[in-house]
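Enquirer: Quick one: structure below, then a few questions.
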Amino acid sequence: MTTQPKHFLTFADLTCDEIGYLFSRARLLKERVHMGQYANTLKGRTLAMIFEKASTRTRVSFEIGIMQLGGNAVVLSGNDTQISRGEPVPDTARVISSMADAVMIRTFQQQMVETFAAHSRVPVINGLTDEHHPCQVLTDLYTFFEHRGNIAGKSVAWVGDANNMLYSWIQAASVMGFNVRYAAPDGYRVDLSRLSENEKDCLQWCADPADAVRGAAIVTTDVWVSMGQEAENEKRFRAFEGFQVNAELMRHAAADAVFMHCLPAHRGEEVTADVIDGAQSLVWEEAENRLHAQKALIEFLLLGRIKTD
């Protein structure tokens, strides 16, 4: 009987205990890289990466990550696969997973990665969809763990559009025992029908961004106009006026609060330069940690827990 591979398609695919292991492993891998030591745990393994959306951090972190683990990467743009010419996703999944050891997909519809995973014989990782961005939130939480410790019982404040990042934050809150307060204008709020009852219990909407941020351990946001929404620029800029993360807003957060952003950022729009480049910002640490958290994730999906010395 063939064992079904473990996938990472949404944040809910991991347990709190598994996340704790990944954080410990990511810290060790990061420490060793900074000492010039590279793991060889995935020697000879290949990660196939399918990009139907543009990428900087996702491509660089996954491609370098698999190489630092001793493996190789095959990069496919949307036009490089027969999916772009109408080949069914299940057929592509069967073929690629018969050759690669794991697959990372960055695309538009969550259903595409779900369908691919259902027909894959190897682990599939969601590198981003319109609905979820679990690798980024895994990294953000690892970064908080690295600098502030346990997130359980604390509050995360989201200011801005209820996009894929926010939905992954909500799932993470349900798994790890913290709460999310978010501020978004009418028309850009969370679709509660997408949430489980436990996820709803972790979430609070605030009309005033200051109420969302008050006492928060993490203040985070994203661009007001995501990929594919460029035609809505003017409408969105009007809607999100007053939802900028600036120094005045940050003063409502906990004294040791940190600011996070998944990047790319638009200074002067969703966040001011003095915040993203200021002392409370962990944005650049987040960016590097995509590499280390995802290495731990790939290892875990392929090999399970690795006993560390």
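Identifiers in the structure tokens: chain A, B, ... in order shown; residue index from 1 per chain; ligand index from 1 in order shown.
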If we count only C-alpha atoms and set the cut-off at 12 Å, which residues sit around Cys202 of chain A, ignoring sequence neighbours fewer than 3 positions away in its own chain? Please answer as an mmCIF file with C-alpha atoms, in the first residue's frame.

Expert:
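Okay, this is what ended up in around_25.cif:
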```
data_model
loop_
_atom_site.group_PDB
_atom_site.id
_atom_site.type_symbol
_atom_site.label_atom_id
_atom_site.label_comp_id
_atom_site.auth_asym_id
_atom_site.auth_seq_id
_atom_site.Cartn_x
_atom_site.Cartn_y
_atom_site.Cartn_z
ATOM 1 C CA ALA A 152 0.694 31.727 22.167
ATOM 2 C CA GLY A 153 -1.767 33.997 23.982
ATOM 3 C CA LYS A 154 -0.600 37.139 22.190
ATOM 4 C CA SER A 155 -2.289 39.325 19.575
ATOM 5 C CA VAL A 156 -1.384 39.941 15.958
ATOM 6 C CA ALA A 157 -2.755 43.088 14.315
ATOM 7 C CA TYR A 167 -6.367 34.093 5.841
ATOM 8 C CA TRP A 169 -2.620 34.345 9.711
ATOM 9 C CA ILE A 170 -6.099 33.348 10.862
ATOM 10 C CA GLN A 171 -5.364 29.660 10.299
ATOM 11 C CA ALA A 172 -2.081 30.033 12.170
ATOM 12 C CA ALA A 173 -3.877 31.644 15.110
ATOM 13 C CA SER A 174 -6.209 28.659 15.327
ATOM 14 C CA VAL A 175 -3.302 26.196 15.241
ATOM 15 C CA MET A 176 -0.929 28.037 17.582
ATOM 16 C CA GLY A 177 -3.226 29.666 20.119
ATOM 17 C CA PHE A 178 -3.000 33.402 19.479
ATOM 18 C CA ASN A 179 -5.583 35.884 18.215
ATOM 19 C CA VAL A 180 -5.828 38.172 15.209
ATOM 20 C CA ARG A 181 -7.407 41.613 15.280
ATOM 21 C CA TYR A 182 -7.751 43.195 11.877
ATOM 22 C CA LEU A 192 -16.470 34.416 7.409
ATOM 23 C CA LEU A 195 -13.506 30.052 8.252
ATOM 24 C CA SER A 196 -14.007 27.207 10.696
ATOM 25 C CA GLU A 197 -15.701 27.965 14.003
ATOM 26 C CA ASN A 198 -12.347 27.768 15.778
ATOM 27 C CA GLU A 199 -10.834 30.225 13.297
ATOM 28 C CA TRP A 205 -12.646 42.928 13.177
#
```

Enquirer: Counting only C-alpha atoms, give me one row per residue of segment 106-206 of chain A with an atom at most 8 Å from an atom of segment 221-235 of chain A, showing the shortest contact pair and its distance in Å to one decimal, sorted by chain then residue number, as CSV.

Expert:
```
residue,atom,partner,partner_atom,distance
A:Trp158,CA,A:Thr221,CA,5.6
A:Val159,CA,A:Thr221,CA,5.3
A:Gly160,CA,A:Thr221,CA,6.1
A:Asp161,CA,A:Trp224,CA,6.4
A:Met165,CA,A:Asp222,CA,7.9
```

Enquirer: At what distance in Å, to one decimal, does atom CA of His34 of chain A lie from atom CA of Ala73 of chain A?

Expert: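 Computing it gives 22.2 Å between the two atoms.
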
Enquirer: What parts of segment 9-51 of chain A does DSSP call strand (DSSP E or B)? I'd like the answer as a list in words.

Expert: Thr46, Leu47, Ala48, Met49, Ile50 and Phe51 of chain A

Enquirer: What's the separation between atom CA of Ser55 of chain A and atom CA of Ala287 of chain A, in Å to one decimal place?

Expert: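 So the two atoms, atom CA of Ser55 of chain A and atom CA of Ala287 of chain A, lie 12.9 Å apart.
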
Enquirer: Just give me the gap between atom CA of Leu282 of chain A and atom CA of Arg236 of chain A in Å, one decimal is fine.

Expert: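 Atom CA of Arg236 of chain A lies 26.4 Å from atom CA of Leu282 of chain A.
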
Enquirer: Output as number ranges by chain all residues of segment 82-191 of chain A that backbone DSSP marks as alpha helix (DSSP H).

Expert: A: 89-97, 110-118, 134-148, 164-176

Enquirer: Here is a test: counting only C-alpha atoms, which residue of A:Gly242, A:Gly71, A:Gly268, A:Pro134 is nearest to Phe8 of chain A?

Expert: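 Checking each candidate against Phe8 of chain A, we get A:Pro134 as the closest.
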
Enquirer: Per residue of segment 112-231 of chain A within 10 Å of segment 93-105 of chain A, note the shortest atom pair and the distance in Å to one decimal, counting only C-alpha atoms, and order the rows by chain and increasing residue number, as CSV.

Expert:
```
residue,atom,partner,partner_atom,distance
A:Met112,CA,A:Ile105,CA,9.0
A:Val113,CA,A:Ile105,CA,6.8
A:Thr115,CA,A:Ala93,CA,8.5
A:Phe116,CA,A:Ala93,CA,5.3
A:Ala117,CA,A:Ala93,CA,7.4
A:Ala118,CA,A:Ala93,CA,8.5
A:His119,CA,A:Ala93,CA,5.8
A:Ser120,CA,A:Ala93,CA,5.3
A:Arg121,CA,A:Ser97,CA,5.6
A:Val122,CA,A:Ala102,CA,5.3
A:Pro123,CA,A:Ala102,CA,5.0
A:Val124,CA,A:Val103,CA,4.8
A:Ile125,CA,A:Met104,CA,4.6
A:Asn126,CA,A:Ile105,CA,5.4
A:Gly127,CA,A:Ile105,CA,5.3
A:Leu128,CA,A:Ile105,CA,7.2
A:Thr129,CA,A:Ile105,CA,8.5
```
